[in-house]
Structures are given as structure tokens and as C-alpha cells.
$ cat target.txt   # compact mmCIF, C-alpha atoms
# COMPACT_ATOMS: atom_id res chain seq x y z
CA MET U 1 13.59 -13.00 12.33
CA ARG U 2 12.68 -9.31 12.70
CA THR U 3 16.18 -8.51 13.98
CA ALA U 4 17.71 -10.41 11.06
CA LEU U 5 15.65 -8.44 8.53
CA ALA U 6 16.73 -5.15 10.06
CA LEU U 7 20.37 -6.30 9.98
CA ILE U 8 20.08 -7.31 6.31
CA ALA U 9 18.53 -3.95 5.46
CA SER U 10 21.32 -2.13 7.28
CA LEU U 11 23.89 -4.03 5.23
CA ILE U 12 22.08 -3.20 1.98
CA PHE U 13 21.58 0.46 2.85
CA THR U 14 25.02 1.38 4.10
CA SER U 15 24.05 5.04 4.45
CA ALA U 16 20.66 4.35 6.02
CA HIS U 17 19.12 3.37 9.32
CA ALA U 18 16.66 0.42 9.31
CA GLU U 19 14.24 -0.51 12.07
CA MET U 20 11.45 -3.05 12.47
CA VAL U 21 8.32 -1.61 14.10
CA LYS U 22 4.79 -2.59 15.10
CA ILE U 23 1.94 -0.35 13.96
CA ARG U 24 -1.42 -0.40 15.71
CA TRP U 25 -4.24 -1.02 13.25
CA ASN U 26 -6.57 1.96 13.28
CA PRO U 27 -9.49 1.48 10.88
CA THR U 28 -12.19 4.04 10.29
CA LYS U 29 -15.23 3.77 12.56
CA PHE U 30 -17.51 3.40 9.57
CA SER U 31 -17.31 3.37 5.79
CA LEU U 32 -19.24 4.35 2.68
CA PRO U 33 -19.67 2.65 -0.68
CA TRP U 34 -16.79 3.88 -2.82
CA VAL U 35 -18.11 2.99 -6.31
CA PRO U 36 -20.50 5.65 -7.65
CA GLY U 37 -23.93 4.14 -8.26
CA ASN U 38 -23.11 0.88 -6.47
CA ASP U 39 -24.13 0.64 -2.82
CA TYR U 40 -23.05 -2.98 -2.42
CA ILE U 41 -19.28 -2.82 -2.96
CA ASP U 42 -17.34 -1.70 0.08
CA GLY U 43 -15.37 -4.43 1.90
CA TRP U 44 -14.86 -2.40 5.09
CA THR U 45 -14.64 -4.24 8.38
CA LYS U 46 -13.99 -3.19 11.97
CA ASN U 47 -12.00 -6.40 12.54
CA PHE U 48 -8.24 -6.68 12.18
CA MET U 49 -8.78 -10.37 11.40
CA ASN U 50 -12.08 -10.99 9.67
CA GLY U 51 -12.48 -14.77 9.51
CA THR U 52 -11.34 -15.36 5.94
CA VAL U 53 -10.11 -18.73 4.71
CA GLU U 54 -6.53 -17.43 4.77
CA GLU U 55 -7.02 -16.43 8.43
CA HIS U 56 -8.33 -19.95 9.17
CA GLY U 57 -11.69 -18.49 10.15
CA ASN U 58 -10.21 -16.49 13.02
CA THR U 59 -11.61 -13.08 13.93
CA LYS U 60 -9.90 -10.45 16.03
CA LEU U 61 -10.95 -6.86 16.67
CA ASP U 62 -7.55 -5.26 17.32
CA GLY U 63 -4.08 -6.02 16.03
CA GLU U 64 -0.68 -4.75 14.97
CA LEU U 65 0.98 -4.59 11.57
CA ASP U 66 4.63 -5.41 10.97
CA ALA U 67 6.67 -2.81 9.14
CA GLU U 68 10.25 -1.98 8.30
CA ILE U 69 11.29 1.68 8.31
CA ILE U 70 14.40 2.76 6.43
CA MET U 71 15.69 6.33 6.62
CA PRO U 72 18.81 8.12 5.36
CA LYS U 73 21.37 8.48 8.11
CA GLY U 74 21.94 11.94 9.50
CA THR U 75 18.78 13.44 8.00
CA LYS U 76 16.80 15.92 10.05
CA ARG U 77 13.25 14.76 10.63
CA PRO U 78 10.56 14.95 9.34
CA ILE U 79 11.29 13.98 5.72
CA PRO U 80 9.27 12.88 2.65
CA PHE U 81 8.22 9.23 2.87
CA VAL U 82 7.06 6.41 0.64
CA ILE U 83 4.98 3.49 1.91
CA LEU U 84 5.45 0.25 -0.09
CA LEU U 85 2.64 -2.32 -0.31
CA HIS U 86 3.30 -5.94 -1.30
CA GLY U 87 1.15 -8.04 -3.62
CA CYS U 88 -1.20 -10.95 -2.98
CA SER U 89 1.62 -13.32 -1.98
CA GLY U 90 2.80 -11.19 0.93
CA MET U 91 6.40 -10.34 1.83
CA ASN U 92 8.12 -13.40 0.37
CA ASP U 93 11.73 -13.39 -0.85
CA LEU U 94 10.80 -11.88 -4.23
CA LEU U 95 8.82 -9.07 -2.64
CA GLN U 96 11.58 -8.41 -0.11
CA LYS U 97 13.98 -8.00 -3.03
CA TRP U 98 11.54 -5.71 -4.84
CA ALA U 99 10.91 -3.55 -1.78
CA HIS U 100 14.59 -3.16 -0.91
CA SER U 101 15.56 -2.46 -4.53
CA TYR U 102 13.06 0.40 -4.73
CA GLY U 103 13.82 1.44 -1.17
CA GLU U 104 17.54 1.79 -1.86
CA LYS U 105 16.86 4.26 -4.68
CA LEU U 106 14.31 6.21 -2.66
CA VAL U 107 16.55 6.47 0.40
CA GLY U 108 19.35 7.62 -1.91
CA SER U 109 17.11 10.47 -3.08
CA GLY U 110 16.38 11.60 0.48
CA HIS U 111 13.08 9.77 1.11
CA GLY U 112 12.21 7.57 4.02
CA VAL U 113 10.66 4.20 3.22
CA LEU U 114 8.12 2.15 5.16
CA ILE U 115 7.69 -1.44 3.93
CA LEU U 116 4.30 -2.55 5.23
CA ASP U 117 3.42 -6.22 5.81
CA SER U 118 -0.34 -6.73 5.86
CA PHE U 119 -0.23 -10.51 6.28
CA ARG U 120 2.31 -11.57 8.93
CA GLY U 121 0.36 -10.16 11.86
CA ARG U 122 -2.80 -11.86 10.59
CA GLY U 123 -1.13 -15.26 10.48
CA LEU U 124 -1.34 -15.78 6.72
CA GLY U 125 0.71 -18.51 5.07
CA LYS U 126 3.23 -18.36 2.24
CA ASP U 127 0.53 -18.29 -0.47
CA GLY U 128 -1.03 -15.12 0.86
CA ILE U 129 -4.41 -14.32 -0.72
CA CYS U 130 -3.58 -15.07 -4.37
CA ALA U 131 -6.24 -17.80 -4.59
CA ASP U 132 -8.93 -15.66 -2.92
CA PRO U 133 -11.58 -14.35 -5.35
CA SER U 134 -12.53 -11.55 -2.92
CA GLN U 135 -9.40 -9.49 -3.60
CA LEU U 136 -11.33 -6.22 -3.32
CA ASP U 137 -12.37 -7.01 0.27
CA TRP U 138 -8.72 -7.52 1.16
CA ALA U 139 -7.77 -4.34 -0.70
CA ARG U 140 -10.32 -2.37 1.33
CA ARG U 141 -8.93 -3.70 4.61
CA ARG U 142 -5.38 -3.06 3.42
CA ALA U 143 -6.33 0.54 2.63
CA ASP U 144 -6.91 0.98 6.37
CA ASP U 145 -3.52 -0.70 6.91
CA ALA U 146 -1.85 2.00 4.80
CA TYR U 147 -3.67 4.84 6.54
CA SER U 148 -2.63 3.36 9.89
CA ALA U 149 0.99 3.48 8.69
CA LEU U 150 0.51 7.06 7.47
CA ASP U 151 -0.81 8.10 10.89
CA TYR U 152 2.14 6.35 12.56
CA LEU U 153 4.71 8.23 10.46
CA ILE U 154 3.10 11.59 11.13
CA ASP U 155 2.45 10.98 14.84
CA LYS U 156 6.09 9.94 15.31
CA ASN U 157 7.26 13.08 13.43
CA LEU U 158 9.11 10.91 10.93
CA ALA U 159 7.31 12.14 7.81
CA ILE U 160 6.28 15.51 6.43
CA SER U 161 2.50 15.23 6.58
CA ASN U 162 1.82 16.40 3.02
CA LYS U 163 4.71 14.50 1.44
CA VAL U 164 3.88 10.86 2.00
CA PHE U 165 3.32 8.71 -1.11
CA VAL U 166 2.06 5.16 -1.49
CA VAL U 167 3.37 2.55 -3.94
CA GLY U 168 1.61 -0.78 -4.40
CA ARG U 169 2.31 -3.88 -6.43
CA SER U 170 -0.43 -6.24 -7.74
CA ASN U 171 -3.03 -6.47 -4.94
CA GLY U 172 -1.09 -3.67 -3.27
CA ALA U 173 -1.65 -1.67 -6.46
CA THR U 174 -5.40 -2.28 -6.30
CA THR U 175 -5.19 -1.24 -2.66
CA THR U 176 -3.44 1.95 -3.78
CA LEU U 177 -6.40 2.83 -6.02
CA LEU U 178 -8.74 2.40 -3.06
CA ILE U 179 -6.45 4.47 -0.85
CA MET U 180 -6.53 7.35 -3.33
CA ASN U 181 -10.33 7.12 -3.74
CA ARG U 182 -11.82 10.39 -2.52
CA VAL U 183 -14.65 8.67 -0.65
CA ILE U 184 -12.19 6.60 1.39
CA GLY U 185 -9.67 9.41 1.78
CA ASP U 186 -12.32 11.72 3.25
CA LEU U 187 -12.80 9.24 6.11
CA HIS U 188 -9.25 9.95 7.34
CA ASP U 189 -7.56 12.94 8.96
CA HIS U 190 -4.33 12.51 6.98
CA LYS U 191 -4.08 11.93 3.24
CA PHE U 192 -1.43 10.77 0.79
CA ALA U 193 0.28 13.17 -1.59
CA GLY U 194 0.04 10.70 -4.48
CA GLY U 195 -0.29 7.05 -5.40
CA PHE U 196 1.78 4.76 -7.63
CA PRO U 197 -0.14 1.54 -8.47
CA MET U 198 1.94 -1.03 -10.36
CA GLN U 199 -0.28 -3.35 -12.44
CA PRO U 200 -3.53 -3.01 -10.47
CA SER U 201 -6.94 -4.49 -11.09
CA CYS U 202 -9.10 -1.59 -12.24
CA LEU U 203 -12.41 -3.43 -11.99
CA TYR U 204 -15.14 -1.01 -10.83
CA MET U 205 -12.66 1.91 -10.92
CA THR U 206 -13.77 3.69 -14.10
CA ASN U 207 -16.10 6.19 -12.40
CA VAL U 208 -14.36 6.67 -9.06
CA ASP U 209 -12.84 10.00 -8.06
CA PHE U 210 -9.26 10.36 -6.79
CA TYR U 211 -8.22 13.14 -4.40
CA ALA U 212 -4.56 13.37 -5.49
CA PRO U 213 -2.46 12.37 -8.55
CA VAL U 214 -2.23 8.68 -9.39
CA HIS U 215 0.81 7.55 -11.41
CA GLN U 216 -0.23 4.26 -12.93
CA PHE U 217 2.21 1.61 -14.19
CA LEU U 218 0.79 -1.05 -16.54
CA ALA U 219 2.24 -3.93 -18.49
CA ASP U 220 0.85 -4.50 -22.00
CA LYS U 221 1.25 -8.26 -21.74
CA ASP U 222 -0.05 -8.66 -18.19
CA ASP U 223 -2.40 -11.68 -18.18
CA ALA U 224 -3.25 -11.40 -14.48
CA ALA U 225 -4.45 -7.79 -14.31
CA SER U 226 -5.63 -6.73 -17.76
CA PRO U 227 -4.56 -3.18 -18.66
CA VAL U 228 -7.73 -2.60 -20.71
CA LEU U 229 -9.85 -1.37 -17.79
CA CYS U 230 -6.98 0.69 -16.44
CA ASN U 231 -6.51 2.33 -19.84
CA ALA U 232 -10.21 3.21 -19.85
CA MET U 233 -9.96 4.62 -16.34
CA ALA U 234 -6.88 6.68 -17.20
CA SER U 235 -8.47 8.16 -20.31
CA SER U 236 -11.35 9.54 -18.24
CA LYS U 237 -9.34 11.18 -15.48
CA ALA U 238 -7.03 14.19 -15.47
CA LEU U 239 -5.42 13.08 -12.21
CA ILE U 240 -4.04 9.84 -13.66
CA ILE U 241 -0.65 9.62 -15.34
CA LEU U 242 -0.35 6.45 -17.40
CA MET U 243 2.98 4.67 -17.85
CA LYS U 244 3.15 1.44 -19.85
CA THR U 245 5.89 -1.08 -20.35
CA ARG U 246 6.20 -4.53 -21.90
CA LEU U 247 8.01 -5.64 -18.77
CA ARG U 248 7.44 -4.84 -15.14
CA PRO U 249 8.18 -1.24 -14.11
CA ILE U 250 11.71 -0.82 -12.80
CA PHE U 251 11.89 2.60 -11.19
CA PHE U 252 9.92 5.74 -10.53
CA MET U 253 10.54 9.12 -8.93
CA ALA U 254 8.01 9.93 -6.25
CA GLY U 255 6.21 13.18 -6.81
CA THR U 256 7.01 13.58 -10.49
$ encode --input "target.txt" --output "C-alpha cells"
Amino acid sequence: MRTALALIASLIFTSAHAEMVKIRWNPTKFSLPWVPGNDYIDGWTKNFMNGTVEEHGNTKLDGELDAEIIMPKGTKRPIPFVILLHGCSGMNDLLQKWAHSYGEKLVGSGHGVLILDSFRGRGLGKDGICADPSQLDWARRRADDAYSALDYLIDKNLAISNKVFVVGRSNGATTTLLIMNRVIGDLHDHKFAGGFPMQPSCLYMTNVDFYAPVHQFLADKDDAASPVLCNAMASSKALIILMKTRLRPIFFMAGT
């Protein structure tokens, strides 16, 4: 299956090199509450698998994440990179199409792309975590997924350390807000240059502090993740750039 995905990506990106990789999960050794004034919301765990319903109650300390890396052919390394995070359903056919559509444009502009799968290595089914009310706990664990991928890109000399961006969709967008949270970012050696959350849940986010620019994409008619809280968050922060559409966002330019 992994070989087939890499072959499909190579056919889509005719001027790019695609490779499936395993990334060792490397969470922080400890965490801190990331909502100012609330010491009870965190969601951090030391376990790669943490015994959730979706994980069938299984726990596991260490593990590896599946990822697809796509880079322009003939480009001298390191280069700017974008890490793409799927939504609550995981990397199903729709999300594969989304990731490769964005990836094609990014690779064409000289960026590398890492498509990160948070669920396959944890044995989640086709429904992902969409029915799980504890989405923030998953988002906190997935934040450590993204930082593990960031460390991988820098350690392998694939990415310029200060030019790695993160883009998340749905639960991946909520994860992006946690990633860019200064409290969580300060727990890591490497940091992202910017975040692009697409239709996130902004619950509890109004008073948090971000360490780099956040380019937020909202949909006015989104009935799953209401834009009201995100509008309130954006209006209180100079680091947030708000972009709204009646439909889902189609394209962005990283770093602008």
C-alpha cells in the first residue's frame, strides 16, 4: 500500500520525488496547561497510543508515524517545507485528494511537502476520531506528531529550519492552533515559521498567545466548527490573519 501511494504521487507530481517514510514519535517529556487561567486543559500524554476508544483501549509508549514526503526534483537541499495535517477522519480518499492538490501547488512553487498521517500507525479505523468528544486531547497529541515531523525534516537536512510551515484541516486545524501556541512551542527546540488552520475549532483559544503568524481560513456557513469564536480570537490578536470564504478554502501561499 505504501509503495502504491508513493507511485501514485510520483505520477501526479511529474517533476517531483515522492517517498513514504516512518517518523519516530518524540513527545515532550512534560507539558504545561496552555490556556491562560485554566490549569485543567492540557491533553498531553507520554504514550504514543493512549487507550482511547478509537485505539480499542490499547496503550503503547513508543511508536512511528506514517508520512509521505514530496520534493521538487533537482532541488538543492535544504528547502522550505510545509507539513499537512488531515482532519478527524484521517487520510481517506478525500483527504488524499486534498493533500495532493495542495501539495502539487506547493511543490510547483519550490516547497517540499510532508503529508503526515496521525492515525494509521495507531490502528484507527476509517471513521477516525470524528465521533470522539475529546477532540482537544487528540489535537494535543497530534501537536507532538507535527513537532516530531519538524524534527525529522531538520535532522535529515531536508528543510530549512526557520522555513517550515504547518497547514491543518478540521481537527488538523485545531491541532495547528495548539502547535502555534507559545506555551507548547516553548517546549520544543525547533519551531514553525507560521500556521495555516483551515476551519478550526477555536474553543478556549481566545486568550492564548501564538509565537508566529497564524493565517486562519474560515467558512461563514460552517456548521461543524463555528467561525464566531475564531472571529473573536482573530480580532484580539495582531499575529492572526483572517481569511473567510463561503466555501472551503482552495489555495494559499505559504509565508504570505
$ residues_around --input "target.txt" --residues "Asn157 (chain U)" --least-positions-apart "6" --cutoff "10 Å" --atoms "all atoms listed in the file" --output "list in words"
Arg77, Pro78, Ile79 and Asp151 of chain U
$ closest_atom_pairs --input "target.txt" --of "region 35-85 of chain U" --to "region 95-99 of chain U" --cutoff "10 Å" --atoms "only C-alpha atoms" --output "JSON lines"
{"residue": "U:Ile83", "atom": "CA", "partner": "U:Ala99", "partner_atom": "CA", "distance": 9.9}
{"residue": "U:Leu84", "atom": "CA", "partner": "U:Ala99", "partner_atom": "CA", "distance": 6.9}
{"residue": "U:Leu85", "atom": "CA", "partner": "U:Ala99", "partner_atom": "CA", "distance": 8.5}
$ closest_residue --input "target.txt" --among "U:Phe30, U:Phe196, U:Tyr147, U:Trp44" --to "Val214 (chain U)" --atoms "all atoms listed in the file"
U:Phe196
$ residues_near_point --input "target.txt" --point "(-8.6, -5.0, 3.3)" --cutoff "12 Å" --atoms "only C-alpha atoms" --output "number ranges by chain"
U: 25, 27-28, 42-50, 52, 88, 118-119, 122, 129, 134-147, 171-172, 174-176, 178-179
$ write_last_selection --input "target.txt" --atoms "C-alpha atoms" --output "PDB file, in the coordinates of the input"
ATOM      1  CA  TRP U  25      -4.240  -1.020  13.250  1.00  0.00           C
ATOM      2  CA  PRO U  27      -9.490   1.480  10.880  1.00  0.00           C
ATOM      3  CA  THR U  28     -12.190   4.040  10.290  1.00  0.00           C
ATOM      4  CA  ASP U  42     -17.340  -1.700   0.080  1.00  0.00           C
ATOM      5  CA  GLY U  43     -15.370  -4.430   1.900  1.00  0.00           C
ATOM      6  CA  TRP U  44     -14.860  -2.400   5.090  1.00  0.00           C
ATOM      7  CA  THR U  45     -14.640  -4.240   8.380  1.00  0.00           C
ATOM      8  CA  LYS U  46     -13.990  -3.190  11.970  1.00  0.00           C
ATOM      9  CA  ASN U  47     -12.000  -6.400  12.540  1.00  0.00           C
ATOM     10  CA  PHE U  48      -8.240  -6.680  12.180  1.00  0.00           C
ATOM     11  CA  MET U  49      -8.780 -10.370  11.400  1.00  0.00           C
ATOM     12  CA  ASN U  50     -12.080 -10.990   9.670  1.00  0.00           C
ATOM     13  CA  THR U  52     -11.340 -15.360   5.940  1.00  0.00           C
ATOM     14  CA  CYS U  88      -1.200 -10.950  -2.980  1.00  0.00           C
ATOM     15  CA  SER U 118      -0.340  -6.730   5.860  1.00  0.00           C
ATOM     16  CA  PHE U 119      -0.230 -10.510   6.280  1.00  0.00           C
ATOM     17  CA  ARG U 122      -2.800 -11.860  10.590  1.00  0.00           C
ATOM     18  CA  ILE U 129      -4.410 -14.320  -0.720  1.00  0.00           C
ATOM     19  CA  SER U 134     -12.530 -11.550  -2.920  1.00  0.00           C
ATOM     20  CA  GLN U 135      -9.400  -9.490  -3.600  1.00  0.00           C
ATOM     21  CA  LEU U 136     -11.330  -6.220  -3.320  1.00  0.00           C
ATOM     22  CA  ASP U 137     -12.370  -7.010   0.270  1.00  0.00           C
ATOM     23  CA  TRP U 138      -8.720  -7.520   1.160  1.00  0.00           C
ATOM     24  CA  ALA U 139      -7.770  -4.340  -0.700  1.00  0.00           C
ATOM     25  CA  ARG U 140     -10.320  -2.370   1.330  1.00  0.00           C
ATOM     26  CA  ARG U 141      -8.930  -3.700   4.610  1.00  0.00           C
ATOM     27  CA  ARG U 142      -5.380  -3.060   3.420  1.00  0.00           C
ATOM     28  CA  ALA U 143      -6.330   0.540   2.630  1.00  0.00           C
ATOM     29  CA  ASP U 144      -6.910   0.980   6.370  1.00  0.00           C
ATOM     30  CA  ASP U 145      -3.520  -0.700   6.910  1.00  0.00           C
ATOM     31  CA  ALA U 146      -1.850   2.000   4.800  1.00  0.00           C
ATOM     32  CA  TYR U 147      -3.670   4.840   6.540  1.00  0.00           C
ATOM     33  CA  ASN U 171      -3.030  -6.470  -4.940  1.00  0.00           C
ATOM     34  CA  GLY U 172      -1.090  -3.670  -3.270  1.00  0.00           C
ATOM     35  CA  THR U 174      -5.400  -2.280  -6.300  1.00  0.00           C
ATOM     36  CA  THR U 175      -5.190  -1.240  -2.660  1.00  0.00           C
ATOM     37  CA  THR U 176      -3.440   1.950  -3.780  1.00  0.00           C
ATOM     38  CA  LEU U 178      -8.740   2.400  -3.060  1.00  0.00           C
ATOM     39  CA  ILE U 179      -6.450   4.470  -0.850  1.00  0.00           C
TER      40      ILE U 179
END
$ atom_distance --input "target.txt" --atom1 "CA of Tyr211 (chain U)" --atom2 "CA of Arg182 (chain U)"
4.9 Å
$ residues_around --input "target.txt" --residues "Gly121 (chain U)" --least-positions-apart "6" --cutoff "10 Å" --atoms "only C-alpha atoms" --output "number ranges by chain"
U: 22, 48-49, 63-66
$ residues_around --input "target.txt" --residues "region 162-164 of chain U" --least-positions-apart "4" --cutoff "6 Å" --atoms "all atoms listed in the file" --output "mmCIF file with C-alpha atoms, keeping the file's coordinate frame"
data_model
loop_
_atom_site.group_PDB
_atom_site.id
_atom_site.type_symbol
_atom_site.label_atom_id
_atom_site.label_comp_id
_atom_site.auth_asym_id
_atom_site.auth_seq_id
_atom_site.Cartn_x
_atom_site.Cartn_y
_atom_site.Cartn_z
ATOM 1 C CA PRO U 80 9.270 12.880 2.650
ATOM 2 C CA PHE U 81 8.220 9.230 2.870
ATOM 3 C CA VAL U 82 7.060 6.410 0.640
ATOM 4 C CA PHE U 192 -1.430 10.770 0.790
ATOM 5 C CA ALA U 193 0.280 13.170 -1.590
#
$ atom_distance --input "target.txt" --atom1 "CA of Met20 (chain U)" --atom2 "CA of Ile69 (chain U)"
6.3 Å
$ atom_distance --input "target.txt" --atom1 "CA of Val35 (chain U)" --atom2 "CA of Arg169 (chain U)"
21.5 Å
$ residues_near_point --input "target.txt" --point "(-11.2, 2.7, -4.8)" --cutoff "7 Å" --atoms "only C-alpha atoms" --output "list in words"
Trp34, Leu177, Leu178, Ile179, Met180, Asn181, Met205 and Val208 of chain U
$ closest_residue --input "target.txt" --among "U:Val183, U:Leu229, U:Ala212, U:Ile160" --to "Gln199 (chain U)" --atoms "all atoms listed in the file"
U:Leu229
$ closest_residue --input "target.txt" --among "U:Val21, U:Val228, U:Met233, U:Met198" --to "Tyr152 (chain U)" --atoms "only C-alpha atoms"
U:Val21
$ closest_residue --input "target.txt" --among "U:Leu158, U:Val166, U:Val107, U:Ala234" --to "Asp209 (chain U)" --atoms "only C-alpha atoms"
U:Ala234
$ closest_residue --input "target.txt" --among "U:Ala149, U:Ala159, U:Ile184, U:Ala232" --to "Glu68 (chain U)" --atoms "all atoms listed in the file"
U:Ala149
$ closest_residue --input "target.txt" --among "U:Ile154, U:His17, U:Pro33, U:Glu55" --to "Lys73 (chain U)" --atoms "all atoms listed in the file"
U:His17
$ decode --input "target.txt" --residues "region 67-77 of chain U" --atoms "all heavy atoms" --output "short mmCIF file (atom, residue, chain, number, x, y, z; two decimals), in the first residue's frame"
data_model
loop_
_atom_site.label_atom_id
_atom_site.label_comp_id
_atom_site.auth_asym_id
_atom_site.auth_seq_id
_atom_site.Cartn_x
_atom_site.Cartn_y
_atom_site.Cartn_z
N ALA U 67 4.28 8.91 6.98
CA ALA U 67 4.30 10.20 6.29
C ALA U 67 4.74 10.01 4.85
O ALA U 67 5.48 9.07 4.52
CB ALA U 67 5.23 11.19 6.99
N GLU U 68 4.27 10.90 4.01
CA GLU U 68 4.69 10.95 2.62
C GLU U 68 5.43 12.27 2.40
O GLU U 68 4.91 13.34 2.73
CB GLU U 68 3.49 10.86 1.69
CG GLU U 68 3.84 10.91 0.21
CD GLU U 68 2.61 10.83 -0.68
OE1 GLU U 68 1.49 10.76 -0.14
OE2 GLU U 68 2.79 10.86 -1.91
N ILE U 69 6.63 12.19 1.87
CA ILE U 69 7.43 13.39 1.58
C ILE U 69 7.51 13.58 0.08
O ILE U 69 7.84 12.64 -0.66
CB ILE U 69 8.84 13.28 2.19
CG1 ILE U 69 8.75 13.28 3.72
CG2 ILE U 69 9.72 14.42 1.70
CD1 ILE U 69 10.09 13.12 4.41
N ILE U 70 7.19 14.77 -0.37
CA ILE U 70 7.24 15.11 -1.79
C ILE U 70 8.12 16.33 -1.96
O ILE U 70 7.91 17.35 -1.30
CB ILE U 70 5.83 15.38 -2.35
CG1 ILE U 70 4.89 14.23 -2.02
CG2 ILE U 70 5.87 15.59 -3.86
CD1 ILE U 70 3.43 14.53 -2.24
N MET U 71 9.12 16.23 -2.84
CA MET U 71 10.06 17.33 -3.05
C MET U 71 10.26 17.57 -4.54
O MET U 71 10.20 16.64 -5.34
CB MET U 71 11.41 17.01 -2.40
CG MET U 71 11.36 16.81 -0.90
SD MET U 71 13.00 16.49 -0.19
CE MET U 71 13.81 18.06 -0.50
N PRO U 72 10.49 18.83 -4.92
CA PRO U 72 10.80 19.10 -6.33
C PRO U 72 12.08 18.37 -6.75
O PRO U 72 13.04 18.32 -5.98
CB PRO U 72 11.01 20.63 -6.36
CG PRO U 72 10.37 21.14 -5.11
CD PRO U 72 10.50 20.04 -4.09
N LYS U 73 12.06 17.81 -7.93
CA LYS U 73 13.25 17.12 -8.43
C LYS U 73 14.37 18.12 -8.72
O LYS U 73 14.13 19.22 -9.19
CB LYS U 73 12.91 16.34 -9.70
CG LYS U 73 12.10 15.08 -9.47
CD LYS U 73 11.87 14.33 -10.78
CE LYS U 73 11.08 13.05 -10.53
NZ LYS U 73 10.81 12.33 -11.81
N GLY U 74 15.58 17.70 -8.43
CA GLY U 74 16.74 18.50 -8.78
C GLY U 74 16.97 19.72 -7.91
O GLY U 74 17.78 20.58 -8.26
N THR U 75 16.28 19.82 -6.79
CA THR U 75 16.43 20.97 -5.90
C THR U 75 17.49 20.69 -4.85
O THR U 75 17.50 19.63 -4.23
CB THR U 75 15.09 21.30 -5.20
OG1 THR U 75 14.10 21.55 -6.18
CG2 THR U 75 15.24 22.52 -4.31
N LYS U 76 18.37 21.65 -4.64
CA LYS U 76 19.40 21.50 -3.63
C LYS U 76 18.78 21.62 -2.24
O LYS U 76 18.02 22.53 -1.96
CB LYS U 76 20.49 22.57 -3.82
CG LYS U 76 21.66 22.42 -2.88
CD LYS U 76 22.72 23.48 -3.12
CE LYS U 76 23.88 23.33 -2.15
NZ LYS U 76 24.92 24.37 -2.38
N ARG U 77 19.09 20.69 -1.38
CA ARG U 77 18.57 20.69 -0.02
C ARG U 77 19.47 21.51 0.89
O ARG U 77 20.67 21.61 0.63
CB ARG U 77 18.47 19.26 0.50
CG ARG U 77 17.62 18.35 -0.36
CD ARG U 77 17.71 16.92 0.14
NE ARG U 77 16.94 16.01 -0.72
CZ ARG U 77 16.89 14.70 -0.53
NH1 ARG U 77 17.56 14.15 0.46
NH2 ARG U 77 16.17 13.93 -1.33
#
